[in-house]
Amino acid sequence: MKLLICGGGTGGHIYPALAAVSALQERGVKKEQILWIGTKGQMEEQLVPQVGLLLTTIPGGPIAGMPLWTRAINGIKLLAGVFKAYQIMRGFMPDGVFLTGGYVNGPVALAAARRRIPILIYLPDVEPGAAIKRLSRYSRTVACTTAKSATYLPAAKMVVTGYPVRQEMRDAAALSQEQALAHFNLTPARPTLFVFGGSRGARSINQALTAILPDLLAENQVIHVSGTLDWPEVARQATQLAEPLRPYYRPYPYLHEEMGLAYRAANLVLARSGAGMLGEAPAFGVGSVLVPYPHAWRYQKVNADYLVEQEAAVRLNDEQMAEQLRPTLLALLADKEKLAALGAAAKQLDVPDAAGRLAQAILDLRKEGNR
């Protein structure tokens with residue numbers, strides 16, 4: 001099968017597709033049969049070639065939430081992207097198109113629909129954004145992380161696959177917590193909090209955390225992935241910690257290969273509620289305190305509420321962190337029974353074969369294309 005993949009901009013759009021690619025390879029699809037379309041200057045330019053996949057780029061830019069002039073410029077780019085995507089498909093001749101999110105999905109979907117190439121959309125979040133809702137009219141199938149998405153999408157198009165966690169994360173989940181803690185030179189004698197805010201970081205989480213670090217580190221230990229934007233300030237503040245506390249704090253600007261080890265070391269996670277939390281926290285059986293990003297569409301709030309309903313997480317709003325983050329974290333980290341209950345509830349949501357299910361849905365596109 002020749003497959004065209006389009007997804008990028010954030011890890012939440014890229015990592016599920018990479019997990020699906022690994023499962024496709026296990027089913028006989030070769031790397032040279034896959035072409036990835038992305039955008040210049042985005043994460044996919046680094047991550048996709050790293051795994052040996054061919055990447056090409058088309059023009060594009062965000063529309064939603066942008067000033068009028070920016071929307072006009074990016075609208076022109078997206079129109080040019082449709083033409084470029086059409087040319088790519090004419091040369092590559094894919095049997096199917098797999099979309100995972102990002103603003104270049106629009107041009108690729110329109111070009112694929114024009115050429116009558118079957119499309120599968122993967123929806124990592126519980127609720128689709130406006131773009132996915134619009135594009136779903138062109139798709140044969142919408143693969144979803146959870147059946148809860150039936151609230152927002154036609155049930156006839158849905159297939160529930162679960163969230164495809166990449167294999168290196170699964171491998172880390174199979175390790176013992178002691179092995180993961182040893183990698184970070186941390187002790188099993190203290191509860192461990194893992195904090196991150198996505199590939200670019202989350203400034204409000206970083207600021208709220210550093211304000212309470214001395215209190216947290218009195219009896220706990222913290223692995224903190226700040227993101228690259230706030231790293232200089234986080235690194236500076238780390239040097240100002242009292243000497244007895246420093247052995248229990250591990251700050252990093254970004255983790256890739258070691259992300260799974262950080263999850264495995266954790267007794268609790270503090271994070272945004274991007275789609276990855278629907279799959280990664282369950283894969284590791286760890287509970288979380290989720291702080292939805294307040295300036296995006298409500299999908300992060302819906303993700304957080306879903307995990308709270310499943311008793312796998314606690315939700316805090318961004319504006320609540322100044323007052324509630326410290327008591328919330330300290331109470332949870334001190335309560336072994338609550339941590340165990342959150343972790344067990346999260347583990348119940350895990351779908352270990354999600355990547356395989358998604359790969360099979362992609363392979364089924366070829367059959368649909370031959371109808």
# chains A, B, ... in the order shown; residues from 1 in each chain; ligands from 1
>>> select_by_dssp(residues="region 135-198 of chain A", states="strand (DSSP E)", output="MDAnalysis selection string")
chainID A and resid 141:144 158:160 192:196
>>> write_last_selection(atoms="C-alpha atoms", output="mmCIF file, in the first residue's frame")
data_model
loop_
_atom_site.group_PDB
_atom_site.id
_atom_site.type_symbol
_atom_site.label_atom_id
_atom_site.label_comp_id
_atom_site.auth_asym_id
_atom_site.auth_seq_id
_atom_site.Cartn_x
_atom_site.Cartn_y
_atom_site.Cartn_z
ATOM 1 C CA THR A 141 -13.380 6.816 8.287
ATOM 2 C CA VAL A 142 -12.633 8.799 11.431
ATOM 3 C CA ALA A 143 -10.544 6.776 13.864
ATOM 4 C CA CYS A 144 -11.082 7.914 17.448
ATOM 5 C CA MET A 158 -16.299 6.198 13.471
ATOM 6 C CA VAL A 159 -13.959 3.393 14.422
ATOM 7 C CA VAL A 160 -12.584 3.418 17.981
ATOM 8 C CA THR A 192 7.896 11.564 42.217
ATOM 9 C CA LEU A 193 6.042 14.293 40.325
ATOM 10 C CA PHE A 194 6.545 14.539 36.552
ATOM 11 C CA VAL A 195 5.709 17.976 35.118
ATOM 12 C CA PHE A 196 5.542 18.967 31.455
#
>>> residues_around(residues="Gly343 (chain A)", least_positions_apart="4", cutoff="12 Å", atoms="only C-alpha atoms", output="mmCIF file with N, CA and C atoms, in the first residue's frame")
data_model
loop_
_atom_site.group_PDB
_atom_site.id
_atom_site.type_symbol
_atom_site.label_atom_id
_atom_site.label_comp_id
_atom_site.auth_asym_id
_atom_site.auth_seq_id
_atom_site.Cartn_x
_atom_site.Cartn_y
_atom_site.Cartn_z
ATOM 1 N N TYR A 263 7.771 9.243 32.614
ATOM 2 C CA TYR A 263 6.431 8.752 32.971
ATOM 3 C C TYR A 263 6.540 7.569 33.942
ATOM 4 N N ARG A 264 7.445 6.646 33.636
ATOM 5 C CA ARG A 264 7.539 5.424 34.443
ATOM 6 C C ARG A 264 8.041 5.733 35.845
ATOM 7 N N ALA A 266 7.236 8.314 37.536
ATOM 8 C CA ALA A 266 6.290 9.198 38.215
ATOM 9 C C ALA A 266 5.229 8.453 39.016
ATOM 10 N N ASN A 267 4.878 9.045 40.160
ATOM 11 C CA ASN A 267 3.684 8.661 40.909
ATOM 12 C C ASN A 267 2.496 9.543 40.552
ATOM 13 N N LEU A 268 2.782 10.705 39.958
ATOM 14 C CA LEU A 268 1.747 11.663 39.586
ATOM 15 C C LEU A 268 2.303 12.543 38.473
ATOM 16 N N VAL A 269 1.428 12.948 37.542
ATOM 17 C CA VAL A 269 1.818 13.819 36.439
ATOM 18 C C VAL A 269 1.049 15.123 36.540
ATOM 19 N N GLU A 280 -1.074 8.266 26.909
ATOM 20 C CA GLU A 280 0.197 8.030 27.581
ATOM 21 C C GLU A 280 0.033 7.775 29.075
ATOM 22 N N ALA A 281 -0.779 8.602 29.754
ATOM 23 C CA ALA A 281 -1.009 8.355 31.181
ATOM 24 C C ALA A 281 -1.629 6.977 31.410
ATOM 25 N N PRO A 282 -2.638 6.562 30.624
ATOM 26 C CA PRO A 282 -3.146 5.186 30.779
ATOM 27 C C PRO A 282 -2.092 4.112 30.506
ATOM 28 N N ALA A 283 -1.239 4.326 29.515
ATOM 29 C CA ALA A 283 -0.223 3.321 29.197
ATOM 30 C C ALA A 283 0.691 3.062 30.382
ATOM 31 N N PHE A 284 0.947 4.093 31.177
ATOM 32 C CA PHE A 284 1.837 3.964 32.337
ATOM 33 C C PHE A 284 1.071 3.763 33.642
ATOM 34 N N GLY A 285 -0.254 3.803 33.581
ATOM 35 C CA GLY A 285 -1.041 3.618 34.782
ATOM 36 C C GLY A 285 -0.745 4.652 35.835
ATOM 37 N N VAL A 286 -0.682 5.915 35.434
ATOM 38 C CA VAL A 286 -0.364 6.990 36.365
ATOM 39 C C VAL A 286 -1.458 8.045 36.321
ATOM 40 N N GLY A 287 -1.863 8.519 37.491
ATOM 41 C CA GLY A 287 -2.857 9.575 37.575
ATOM 42 C C GLY A 287 -2.252 10.925 37.274
ATOM 43 N N SER A 288 -3.112 11.924 37.083
ATOM 44 C CA SER A 288 -2.609 13.224 36.658
ATOM 45 C C SER A 288 -3.434 14.366 37.236
ATOM 46 N N VAL A 289 -2.780 15.509 37.349
ATOM 47 C CA VAL A 289 -3.433 16.789 37.594
ATOM 48 C C VAL A 289 -3.355 17.546 36.282
ATOM 49 N N LEU A 307 -11.186 12.436 31.510
ATOM 50 C CA LEU A 307 -10.332 11.683 32.429
ATOM 51 C C LEU A 307 -10.797 11.837 33.875
ATOM 52 N N GLN A 310 -13.631 9.542 34.444
ATOM 53 C CA GLN A 310 -13.153 8.168 34.578
ATOM 54 C C GLN A 310 -12.356 7.956 35.866
ATOM 55 N N GLU A 311 -12.276 8.998 36.696
ATOM 56 C CA GLU A 311 -11.582 8.966 37.991
ATOM 57 C C GLU A 311 -10.094 8.714 37.846
ATOM 58 N N ALA A 312 -9.528 9.158 36.695
ATOM 59 C CA ALA A 312 -8.107 8.981 36.430
ATOM 60 C C ALA A 312 -7.318 10.272 36.572
ATOM 61 N N ALA A 313 -7.989 11.390 36.866
ATOM 62 C CA ALA A 313 -7.311 12.681 36.907
ATOM 63 C C ALA A 313 -8.072 13.655 37.793
ATOM 64 N N VAL A 314 -7.366 14.719 38.139
ATOM 65 C CA VAL A 314 -7.931 15.883 38.821
ATOM 66 C C VAL A 314 -7.726 17.077 37.906
ATOM 67 N N LEU A 332 -2.135 15.123 47.220
ATOM 68 C CA LEU A 332 -2.108 13.911 46.411
ATOM 69 C C LEU A 332 -0.817 13.123 46.616
ATOM 70 N N LYS A 336 -0.993 7.806 49.363
ATOM 71 C CA LYS A 336 -0.645 6.656 48.532
ATOM 72 C C LYS A 336 -1.879 5.959 47.981
ATOM 73 N N GLU A 337 -2.942 5.881 48.787
ATOM 74 C CA GLU A 337 -4.159 5.209 48.326
ATOM 75 C C GLU A 337 -4.809 5.970 47.175
ATOM 76 N N LYS A 338 -4.836 7.288 47.262
ATOM 77 C CA LYS A 338 -5.413 8.094 46.186
ATOM 78 C C LYS A 338 -4.585 7.984 44.917
ATOM 79 N N LEU A 339 -3.265 8.037 45.048
ATOM 80 C CA LEU A 339 -2.396 7.881 43.878
ATOM 81 C C LEU A 339 -2.615 6.533 43.215
ATOM 82 N N LYS A 347 -5.113 3.145 34.122
ATOM 83 C CA LYS A 347 -4.706 1.911 33.443
ATOM 84 C C LYS A 347 -5.892 1.222 32.780
ATOM 85 N N GLN A 348 -7.068 1.358 33.354
ATOM 86 C CA GLN A 348 -8.265 0.759 32.770
ATOM 87 C C GLN A 348 -8.587 1.336 31.394
ATOM 88 N N LEU A 349 -8.091 2.534 31.111
ATOM 89 C CA LEU A 349 -8.364 3.197 29.829
ATOM 90 C C LEU A 349 -7.348 2.845 28.750
ATOM 91 N N ASP A 350 -6.315 2.116 29.117
ATOM 92 C CA ASP A 350 -5.258 1.802 28.151
ATOM 93 C C ASP A 350 -5.743 0.823 27.092
#
>>> closest_residue(among="A:Gly75, A:Leu261, A:Ser22, A:Tyr306", to="Ala147 (chain A)", atoms="only C-alpha atoms")
A:Tyr306
>>> residues_around(residues="Asp230 (chain A)", least_positions_apart="5", cutoff="12 Å", atoms="only C-alpha atoms", output="compact mmCIF listing (two decimals) with C-alpha atoms, in the first residue's frame")
# COMPACT_ATOMS: atom_id res chain seq x y z
CA PHE A 196 5.54 18.97 31.46
CA GLY A 197 3.56 21.30 29.22
CA SER A 199 6.67 20.24 23.16
CA ARG A 200 6.87 24.03 23.51
CA GLY A 201 6.16 24.13 27.21
CA ALA A 202 3.47 25.81 29.29
CA ARG A 203 4.52 29.10 30.85
CA SER A 204 1.78 29.30 33.47
CA ILE A 205 2.54 25.77 34.69
CA ASN A 206 6.27 26.50 34.77
CA GLN A 207 5.76 29.69 36.77
CA THR A 210 8.77 27.12 40.37
CA HIS A 224 10.35 19.00 35.15
CA VAL A 225 10.28 19.37 31.36
CA ALA A 235 17.55 26.74 34.59
CA ARG A 236 18.40 30.00 36.37
CA GLN A 237 15.88 29.38 39.13
CA PRO A 251 14.81 20.11 35.12
CA TYR A 252 15.08 19.63 31.33
CA PRO A 253 14.18 21.82 28.35
CA TYR A 254 12.84 18.83 26.38
>>> atom_distance(atom1="CA of Leu99 (chain A)", atom2="CA of Pro352 (chain A)")
21.6 Å
>>> closest_residue(among="A:Leu47, A:Gly12, A:Lys30, A:Gly274", to="Arg298 (chain A)", atoms="only C-alpha atoms")
A:Gly274
>>> closest_residue(among="A:Leu175, A:Val108, A:Leu53, A:Leu216", to="Gly7 (chain A)", atoms="only C-alpha atoms")
A:Val108
>>> residues_around(residues="Leu54 (chain A)", least_positions_apart="3", cutoff="12 Å", atoms="only C-alpha atoms", output="PDB file with C-alpha atoms, in the first residue's frame")
ATOM      1  CA  LEU A   3       0.235   5.900   1.904  1.00  0.00           C
ATOM      2  CA  LEU A   4       0.367   9.656   2.171  1.00  0.00           C
ATOM      3  CA  ILE A   5       0.453  10.996   5.750  1.00  0.00           C
ATOM      4  CA  CYS A   6      -0.268  14.573   6.734  1.00  0.00           C
ATOM      5  CA  LYS A  30       7.743  -0.457   3.571  1.00  0.00           C
ATOM      6  CA  LYS A  31       9.102   3.002   4.398  1.00  0.00           C
ATOM      7  CA  GLU A  32       9.501   3.853   0.720  1.00  0.00           C
ATOM      8  CA  GLN A  33       5.741   3.340   0.314  1.00  0.00           C
ATOM      9  CA  ILE A  34       5.051   6.209   2.719  1.00  0.00           C
ATOM     10  CA  LEU A  35       5.285   9.939   2.030  1.00  0.00           C
ATOM     11  CA  TRP A  36       4.715  12.533   4.760  1.00  0.00           C
ATOM     12  CA  ILE A  37       3.451  16.045   3.992  1.00  0.00           C
ATOM     13  CA  GLY A  38       4.229  18.760   6.524  1.00  0.00           C
ATOM     14  CA  GLU A  44       7.845  17.154  11.687  1.00  0.00           C
ATOM     15  CA  GLU A  45      10.934  18.443   9.850  1.00  0.00           C
ATOM     16  CA  GLN A  46      13.034  16.984  12.659  1.00  0.00           C
ATOM     17  CA  LEU A  47      11.054  13.963  13.843  1.00  0.00           C
ATOM     18  CA  VAL A  48       9.911  12.403  10.569  1.00  0.00           C
ATOM     19  CA  PRO A  49      13.327  12.079   8.842  1.00  0.00           C
ATOM     20  CA  GLN A  50      14.754  10.695  12.106  1.00  0.00           C
ATOM     21  CA  VAL A  51      12.745   7.505  11.580  1.00  0.00           C
ATOM     22  CA  THR A  57       6.418  20.309   2.656  1.00  0.00           C
ATOM     23  CA  PHE A  92       3.107   9.703  -5.740  1.00  0.00           C
TER      24      PHE A  92
END
>>> atom_distance(atom1="CA of Gly102 (chain A)", atom2="CA of Gly8 (chain A)")
5.4 Å
>>> atom_distance(atom1="CA of Pro124 (chain A)", atom2="CA of Ala23 (chain A)")
17.0 Å
>>> select_by_dssp(residues="region 249-354 of chain A", states="helix (DSSP H, G or I)", output="PyMOL selection string")
chain A and resi 259-265+276-284+299-309+318-333+336-348+354
>>> closest_residue(among="A:Met169, A:Ile117, A:Ala340, A:Ile212", to="Ala19 (chain A)", atoms="only C-alpha atoms")
A:Met169
>>> closest_residue(among="A:Leu270, A:Leu120, A:Leu245, A:Ala275", to="Thr328 (chain A)", atoms="only C-alpha atoms")
A:Leu270
>>> residues_around(residues="Glu257 (chain A)", least_positions_apart="5", cutoff="10 Å", atoms="only C-alpha atoms", output="PyMOL selection string")
chain A and resi 168-169+172+262
>>> write_last_selection(atoms="N, CA and C atoms", output="JSON list (two decimals), in the first residue's frame")
[["chain", "number", "residue", "atom", "x", "y", "z"],
["A", 168, "GLU", "N", 8.55, 2.92, 21.79],
["A", 168, "GLU", "CA", 9.59, 3.21, 22.79],
["A", 168, "GLU", "C", 8.99, 3.60, 24.13],
["A", 169, "MET", "N", 7.77, 4.21, 24.09],
["A", 169, "MET", "CA", 7.07, 4.51, 25.33],
["A", 169, "MET", "C", 6.56, 3.22, 25.95],
["A", 172, "ALA", "N", 9.32, 1.50, 27.71],
["A", 172, "ALA", "CA", 9.61, 2.12, 29.01],
["A", 172, "ALA", "C", 8.58, 1.73, 30.06],
["A", 262, "ALA", "N", 10.53, 9.09, 32.18],
["A", 262, "ALA", "CA", 9.99, 10.07, 33.12],
["A", 262, "ALA", "C", 8.58, 9.69, 33.56]]
>>> closest_residue(among="A:Leu123, A:Ala156, A:Ala265, A:Leu213", to="His183 (chain A)", atoms="only C-alpha atoms")
A:Ala265
>>> decode(residues="region 245-282 of chain A", atoms="N, CA and C atoms", output="compact mmCIF listing (two decimals), in the first residue's frame")
# COMPACT_ATOMS: atom_id res chain seq x y z
N LEU A 245 17.95 20.77 48.63
CA LEU A 245 16.81 20.42 47.78
C LEU A 245 17.22 20.01 46.36
N ARG A 246 18.39 20.45 45.93
CA ARG A 246 18.79 20.24 44.53
C ARG A 246 18.85 18.79 44.09
N PRO A 247 19.23 17.83 44.96
CA PRO A 247 19.28 16.43 44.51
C PRO A 247 17.91 15.85 44.13
N TYR A 248 16.83 16.56 44.46
CA TYR A 248 15.50 16.02 44.22
C TYR A 248 14.76 16.75 43.09
N TYR A 249 15.51 17.53 42.31
CA TYR A 249 14.90 18.28 41.21
C TYR A 249 15.67 18.01 39.94
N ARG A 250 14.95 17.58 38.88
CA ARG A 250 15.57 17.29 37.59
C ARG A 250 14.88 18.11 36.51
N PRO A 251 15.41 19.30 36.19
CA PRO A 251 14.81 20.11 35.12
C PRO A 251 15.44 19.81 33.76
N TYR A 252 14.62 19.85 32.70
CA TYR A 252 15.08 19.63 31.33
C TYR A 252 14.30 20.57 30.41
N PRO A 253 14.94 21.03 29.31
CA PRO A 253 14.18 21.82 28.35
C PRO A 253 13.23 20.95 27.53
N TYR A 254 13.65 19.70 27.24
CA TYR A 254 12.84 18.83 26.38
C TYR A 254 13.34 17.40 26.55
N LEU A 255 12.43 16.45 26.50
CA LEU A 255 12.79 15.04 26.50
C LEU A 255 12.13 14.38 25.30
N HIS A 256 12.84 13.48 24.67
CA HIS A 256 12.25 12.70 23.57
C HIS A 256 12.36 11.21 23.91
N GLU A 257 13.56 10.65 23.75
CA GLU A 257 13.74 9.23 24.05
C GLU A 257 13.47 8.91 25.52
N GLU A 258 13.73 9.88 26.41
CA GLU A 258 13.59 9.62 27.85
C GLU A 258 12.21 9.95 28.39
N MET A 259 11.29 10.38 27.53
CA MET A 259 9.96 10.76 28.00
C MET A 259 9.27 9.58 28.69
N GLY A 260 9.39 8.40 28.12
CA GLY A 260 8.78 7.23 28.72
C GLY A 260 9.37 6.91 30.09
N LEU A 261 10.66 7.10 30.24
CA LEU A 261 11.30 6.86 31.54
C LEU A 261 10.77 7.83 32.59
N ALA A 262 10.53 9.09 32.18
CA ALA A 262 9.99 10.07 33.12
C ALA A 262 8.58 9.69 33.56
N TYR A 263 7.77 9.24 32.61
CA TYR A 263 6.43 8.75 32.97
C TYR A 263 6.54 7.57 33.94
N ARG A 264 7.44 6.65 33.64
CA ARG A 264 7.54 5.42 34.44
C ARG A 264 8.04 5.73 35.85
N ALA A 265 8.84 6.76 35.98
CA ALA A 265 9.35 7.14 37.30
C ALA A 265 8.28 7.81 38.17
N ALA A 266 7.24 8.31 37.54
CA ALA A 266 6.29 9.20 38.21
C ALA A 266 5.23 8.45 39.02
N ASN A 267 4.88 9.04 40.16
CA ASN A 267 3.68 8.66 40.91
C ASN A 267 2.50 9.54 40.55
N LEU A 268 2.78 10.71 39.96
CA LEU A 268 1.75 11.66 39.59
C LEU A 268 2.30 12.54 38.47
N VAL A 269 1.43 12.95 37.54
CA VAL A 269 1.82 13.82 36.44
C VAL A 269 1.05 15.12 36.54
N LEU A 270 1.74 16.25 36.30
CA LEU A 270 1.11 17.57 36.17
C LEU A 270 1.34 18.03 34.74
N ALA A 271 0.26 18.29 34.00
CA ALA A 271 0.42 18.59 32.58
C ALA A 271 -0.80 19.31 32.03
N ARG A 272 -0.67 19.82 30.82
CA ARG A 272 -1.82 20.22 30.03
C ARG A 272 -2.62 18.96 29.67
N SER A 273 -3.81 19.18 29.14
CA SER A 273 -4.65 18.02 28.81
C SER A 273 -4.78 17.85 27.30
N GLY A 274 -3.62 17.88 26.63
CA GLY A 274 -3.59 17.55 25.21
C GLY A 274 -3.93 16.09 25.00
N ALA A 275 -4.08 15.71 23.75
CA ALA A 275 -4.54 14.37 23.42
C ALA A 275 -3.61 13.29 23.96
N GLY A 276 -2.32 13.57 24.03
CA GLY A 276 -1.38 12.56 24.50
C GLY A 276 -1.72 12.02 25.87
N MET A 277 -2.32 12.84 26.72
CA MET A 277 -2.67 12.38 28.06
C MET A 277 -3.75 11.31 28.04
N LEU A 278 -4.54 11.25 26.96
CA LEU A 278 -5.57 10.22 26.85
C LEU A 278 -4.97 8.84 26.59
N GLY A 279 -3.73 8.81 26.09
CA GLY A 279 -3.10 7.53 25.80
C GLY A 279 -1.88 7.24 26.65
N GLU A 280 -1.07 8.27 26.91
CA GLU A 280 0.20 8.03 27.58
C GLU A 280 0.03 7.78 29.08
N ALA A 281 -0.78 8.60 29.75
CA ALA A 281 -1.01 8.36 31.18
C ALA A 281 -1.63 6.98 31.41
N PRO A 282 -2.64 6.56 30.62
CA PRO A 282 -3.15 5.19 30.78
C PRO A 282 -2.09 4.11 30.51
